[in-house]
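All remarks here apply to the structure that follows.
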Amino acid sequence: MNPTVRSALSHAAQVPCALPGDPGYETARAVWNTDVRRAPLAVVRPATVAGVRGAVRFAADRGLPVAVRGGGHSLAGFGTADDAVVLDLGALAGIDVDPRGRTLTVGGGAVWGQVDEATQRAGLAVTGADVPSVGVGGTTVGGGFGWLHRAAGMTCDNILSARVLTAAGETLTAAPDSHSDLYWALRGGGGNYGVVTATPVPHRDAVQLLGVNALAARQDRTAGLASVPARRRRRSSRG
Ligand SMILES: Cc1cc2nc3c(=O)[nH]c(=O)nc-3n(C[C@H](O)[C@H](O)[C@H](O)COP(=O)(O)OP(=O)(O)OC[C@H]3O[C@@H](n4cnc5c(N)ncnc54)[C@H](O)[C@@H]3O)c2cc1C
C-alpha cells in the first residue's frame, strides 16, 4: 500500500492503520488461534462508528475485501484474511446497562468479560460465552451458548435489535419490525451480513443468580445454590 493510500485509509477510519512492516503490524494482525497467520493489507481499529463506516467505504471504493474482527476468537480465523482490510472493532466496546428496563446495549467489539463486569455491577446477567475473552460480535452472529443458555436461551435469542453497517456504508437497525430478514439472519446466521456496531440485549435478572450459581458451584456448590431463588432452583435442577 503506497503512502497516499495509507494516509487515505487512516483519514477514512479516523485512526492510524497498521501496514506490513510497521512496528505494530504483527500484534495488530494476530488472532486467538496462533495457527492462523494471514497477511492483511492493513489493519485498522476505528474508535467510532463514523471511522468504521469510513474504512468500509474506503475498501468498497477500491474493491478491497474486508474482514471484520470482534474478539478475534474464530477458530478458523474468520476475523482476518490475506490481502484484506481488517476492521478490528475492539475499540467499539461501549456497554450501556439499563437496570430498570433490563436491557443492555453492547458495542460490536466488546468481549464477554467486559459485559459480565458491567451487568454484574447492576445485579444482572445475560447468556454470553463461557470464556471472558471471546467476542460478543462473533458469538452472537454465530448463535452463542454460555453458563445461562439452558435457562435464558442462546445468546442470539436475547437480541432485541442490532445496529448494522452494510457493505455499502449504510447504517440500519435490524429488529422484528425493521429489516426483519436481516434481524433473522443476524441471530445465529454467521458473518457476512454487515458490521454489527451495537446490539441491545435484554437482561434476565432472575437467571443472573443462576449464572453466579453455575460459576460458584465449581468452588462452593452449597454457597452457590443458597443464592438461587426457589423458582429458579427448580428450573436449574431440570437443566
Ligand atoms: C477459547 C474459546 C472459547 C469459546 N467459548 C465459547 C462459548 O462458551 N460459547 C460460544 O458460543 N462460543 C464459544 N467460542 C466460539 C466463539 O463464540 C466463536 O469462535 C466466535 O465466532 C468468536 O467471536 P469473536 O468475535 O471473538 O471472533 P472473530 O474471530 O472476531 O469473529 C468471528 C466471526 O464473527 C464475525 N464478527 C465478529 N464481530 C462482528 C461484528 N461486530 N459484526 C459482524 N460480524 C462480526 C467476524 O467477521 C467473523 O466472521 C469459543 C471460542 C474460543 C476460541
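For the C-alpha cells, the naming scheme is as follows: chains receive sequential letters (A, B, ...) according to their order of presentation, residues are indexed from 1 within each chain, and ligands are indexed from 1 in presentation order.
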Within 7 Å of ligand 1, which residues show up when you count only C-alpha atoms and all ligand atoms? List them as a PyMOL selection string, please. chain A and resi 32+67-75+77-79+89+108-109+128-131+134-139+141-146+190-197
Please identify all polymer residues within 12 Å of Thr171 of chain A, counting only C-alpha atoms, omitting same-chain residues fewer than 6 positions from it, and present them as a PDB file with C-alpha atoms, in the first residue's frame.
```pdb
ATOM      1  CA  VAL A  49     -18.942   4.216  14.030  1.00  0.00           C
ATOM      2  CA  ALA A  50     -18.027   7.015  11.604  1.00  0.00           C
ATOM      3  CA  VAL A  52     -15.860   2.086  10.770  1.00  0.00           C
ATOM      4  CA  ARG A  53     -18.061   3.497   8.018  1.00  0.00           C
ATOM      5  CA  VAL A  56     -15.765   0.177   4.853  1.00  0.00           C
ATOM      6  CA  ALA A 162     -28.906  -4.660  16.160  1.00  0.00           C
ATOM      7  CA  ARG A 163     -27.376  -1.601  14.553  1.00  0.00           C
ATOM      8  CA  VAL A 164     -25.695  -2.753  11.388  1.00  0.00           C
ATOM      9  CA  LEU A 165     -23.394  -1.094   8.898  1.00  0.00           C
ATOM     10  CA  HIS A 179     -35.270  -5.124   8.279  1.00  0.00           C
ATOM     11  CA  GLY A 194     -22.708  -6.354   7.674  1.00  0.00           C
ATOM     12  CA  VAL A 195     -20.835  -4.902  10.617  1.00  0.00           C
ATOM     13  CA  VAL A 196     -22.824  -5.109  13.819  1.00  0.00           C
ATOM     14  CA  THR A 197     -21.936  -1.937  15.694  1.00  0.00           C
ATOM     15  CA  ALA A 198     -24.239  -2.277  18.697  1.00  0.00           C
TER      16      ALA A 198
END
```
DSSP on the backbone: which residues in segment 28-228 of chain A end up as alpha helix (DSSP H)? Give the answer as a PyMOL selection string. chain A and resi 28-29+49-62+112-121+136-142+149-152+180-186+205-226
When you count only C-alpha atoms, which of these residues is closest to Val15 of chain A: A:Thr80, A:Asp61, A:Val66, A:Ala91? A:Ala91
Quick one: pull the distance between atom CA of Ile159 of chain A and atom CA of Thr48 of chain A, Å, one decimal. 21.9 Å
Please return, as a PyMOL selection string, all residues of segment 33-231 of chain A that DSSP assigns to strand (DSSP E or B) on the basis of the backbone. chain A and resi 42-44+66-69+85-88+95-98+103-107+111+135+162-165+171-175+178+195-202
Dump as a PDB file, in the first residue's frame, selection limited to C-alpha atoms:
```pdb
ATOM      1  CA  ALA A  42      -3.874  -3.237   6.524  1.00  0.00           C
ATOM      2  CA  VAL A  43      -5.409  -3.465   9.984  1.00  0.00           C
ATOM      3  CA  VAL A  44      -7.497  -0.574  11.324  1.00  0.00           C
ATOM      4  CA  VAL A  66     -12.856  -6.551   4.289  1.00  0.00           C
ATOM      5  CA  ALA A  67     -12.506  -8.912   7.263  1.00  0.00           C
ATOM      6  CA  VAL A  68     -14.496  -7.889  10.341  1.00  0.00           C
ATOM      7  CA  ARG A  69     -12.948  -8.773  13.686  1.00  0.00           C
ATOM      8  CA  VAL A  85      -8.521  -4.576   5.124  1.00  0.00           C
ATOM      9  CA  VAL A  86      -9.052  -5.967   8.618  1.00  0.00           C
ATOM     10  CA  LEU A  87     -11.604  -3.962  10.552  1.00  0.00           C
ATOM     11  CA  ASP A  88     -10.787  -4.552  14.212  1.00  0.00           C
ATOM     12  CA  ILE A  95     -21.591  -1.097  27.243  1.00  0.00           C
ATOM     13  CA  ASP A  96     -24.710   0.690  28.380  1.00  0.00           C
ATOM     14  CA  VAL A  97     -26.789  -1.040  31.036  1.00  0.00           C
ATOM     15  CA  ASP A  98     -30.380  -0.049  31.748  1.00  0.00           C
ATOM     16  CA  THR A 103     -31.698  -4.104  28.661  1.00  0.00           C
ATOM     17  CA  LEU A 104     -28.139  -3.753  27.591  1.00  0.00           C
ATOM     18  CA  THR A 105     -26.519  -2.126  24.569  1.00  0.00           C
ATOM     19  CA  VAL A 106     -23.140  -3.542  23.628  1.00  0.00           C
ATOM     20  CA  GLY A 107     -20.598  -2.242  21.123  1.00  0.00           C
ATOM     21  CA  VAL A 111     -15.815  -9.158  24.797  1.00  0.00           C
ATOM     22  CA  GLY A 135     -16.093 -11.524  21.355  1.00  0.00           C
ATOM     23  CA  ALA A 162     -28.906  -4.660  16.160  1.00  0.00           C
ATOM     24  CA  ARG A 163     -27.376  -1.601  14.553  1.00  0.00           C
ATOM     25  CA  VAL A 164     -25.695  -2.753  11.388  1.00  0.00           C
ATOM     26  CA  LEU A 165     -23.394  -1.094   8.898  1.00  0.00           C
ATOM     27  CA  THR A 171     -26.473   2.141   8.839  1.00  0.00           C
ATOM     28  CA  LEU A 172     -29.597   0.090   9.563  1.00  0.00           C
ATOM     29  CA  THR A 173     -31.455  -1.057  12.616  1.00  0.00           C
ATOM     30  CA  ALA A 174     -32.382  -4.725  12.361  1.00  0.00           C
ATOM     31  CA  ALA A 175     -35.288  -5.641  14.623  1.00  0.00           C
ATOM     32  CA  SER A 178     -37.316  -3.219  10.867  1.00  0.00           C
ATOM     33  CA  VAL A 195     -20.835  -4.902  10.617  1.00  0.00           C
ATOM     34  CA  VAL A 196     -22.824  -5.109  13.819  1.00  0.00           C
ATOM     35  CA  THR A 197     -21.936  -1.937  15.694  1.00  0.00           C
ATOM     36  CA  ALA A 198     -24.239  -2.277  18.697  1.00  0.00           C
ATOM     37  CA  THR A 199     -26.580  -4.946  19.945  1.00  0.00           C
ATOM     38  CA  PRO A 200     -29.127  -4.236  22.662  1.00  0.00           C
ATOM     39  CA  VAL A 201     -29.891  -7.425  24.536  1.00  0.00           C
ATOM     40  CA  PRO A 202     -32.412  -7.944  27.336  1.00  0.00           C
TER      41      PRO A 202
END
```
If I take atom CA of Gly54 of chain A and atom CA of Ser10 of chain A, how far is one from the other in Å, to one decimal? 9.1 Å
Report the distance between atom CA of Gln114 of chain A and atom CA of Arg102 of chain A in Å, rounded to one decimal place.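 A separation of 17.1 Å between them.
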For Asn2 of chain A, list every protein, DNA or RNA residue within 12 Å, evaluated using only C-alpha atoms, and leave out those in the same chain fewer than 2 positions away; present the list as a list in words.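 With the cut-off at 12 Å, the set is Thr4, Val5, Arg6, Ser7, Ala8, Leu9, Leu19, Pro20, Leu41 and Ala42 of chain A.
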Surrounding residues of segment 24-27 of chain A excluding itself and chain neighbours under 6 positions, 10 Å, only C-alpha atoms, as a list in words: Cys17, Ala18, Arg37, Ala39, Pro40, Ala42 and Val43 of chain A
Determine the nearest neighbour of Arg45 of chain A from the options A:Pro23, A:Glu117, A:Leu92, A:Ala81, counting only C-alpha atoms.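 Of the candidates, the smallest distance to Arg45 of chain A is held by A:Leu92.
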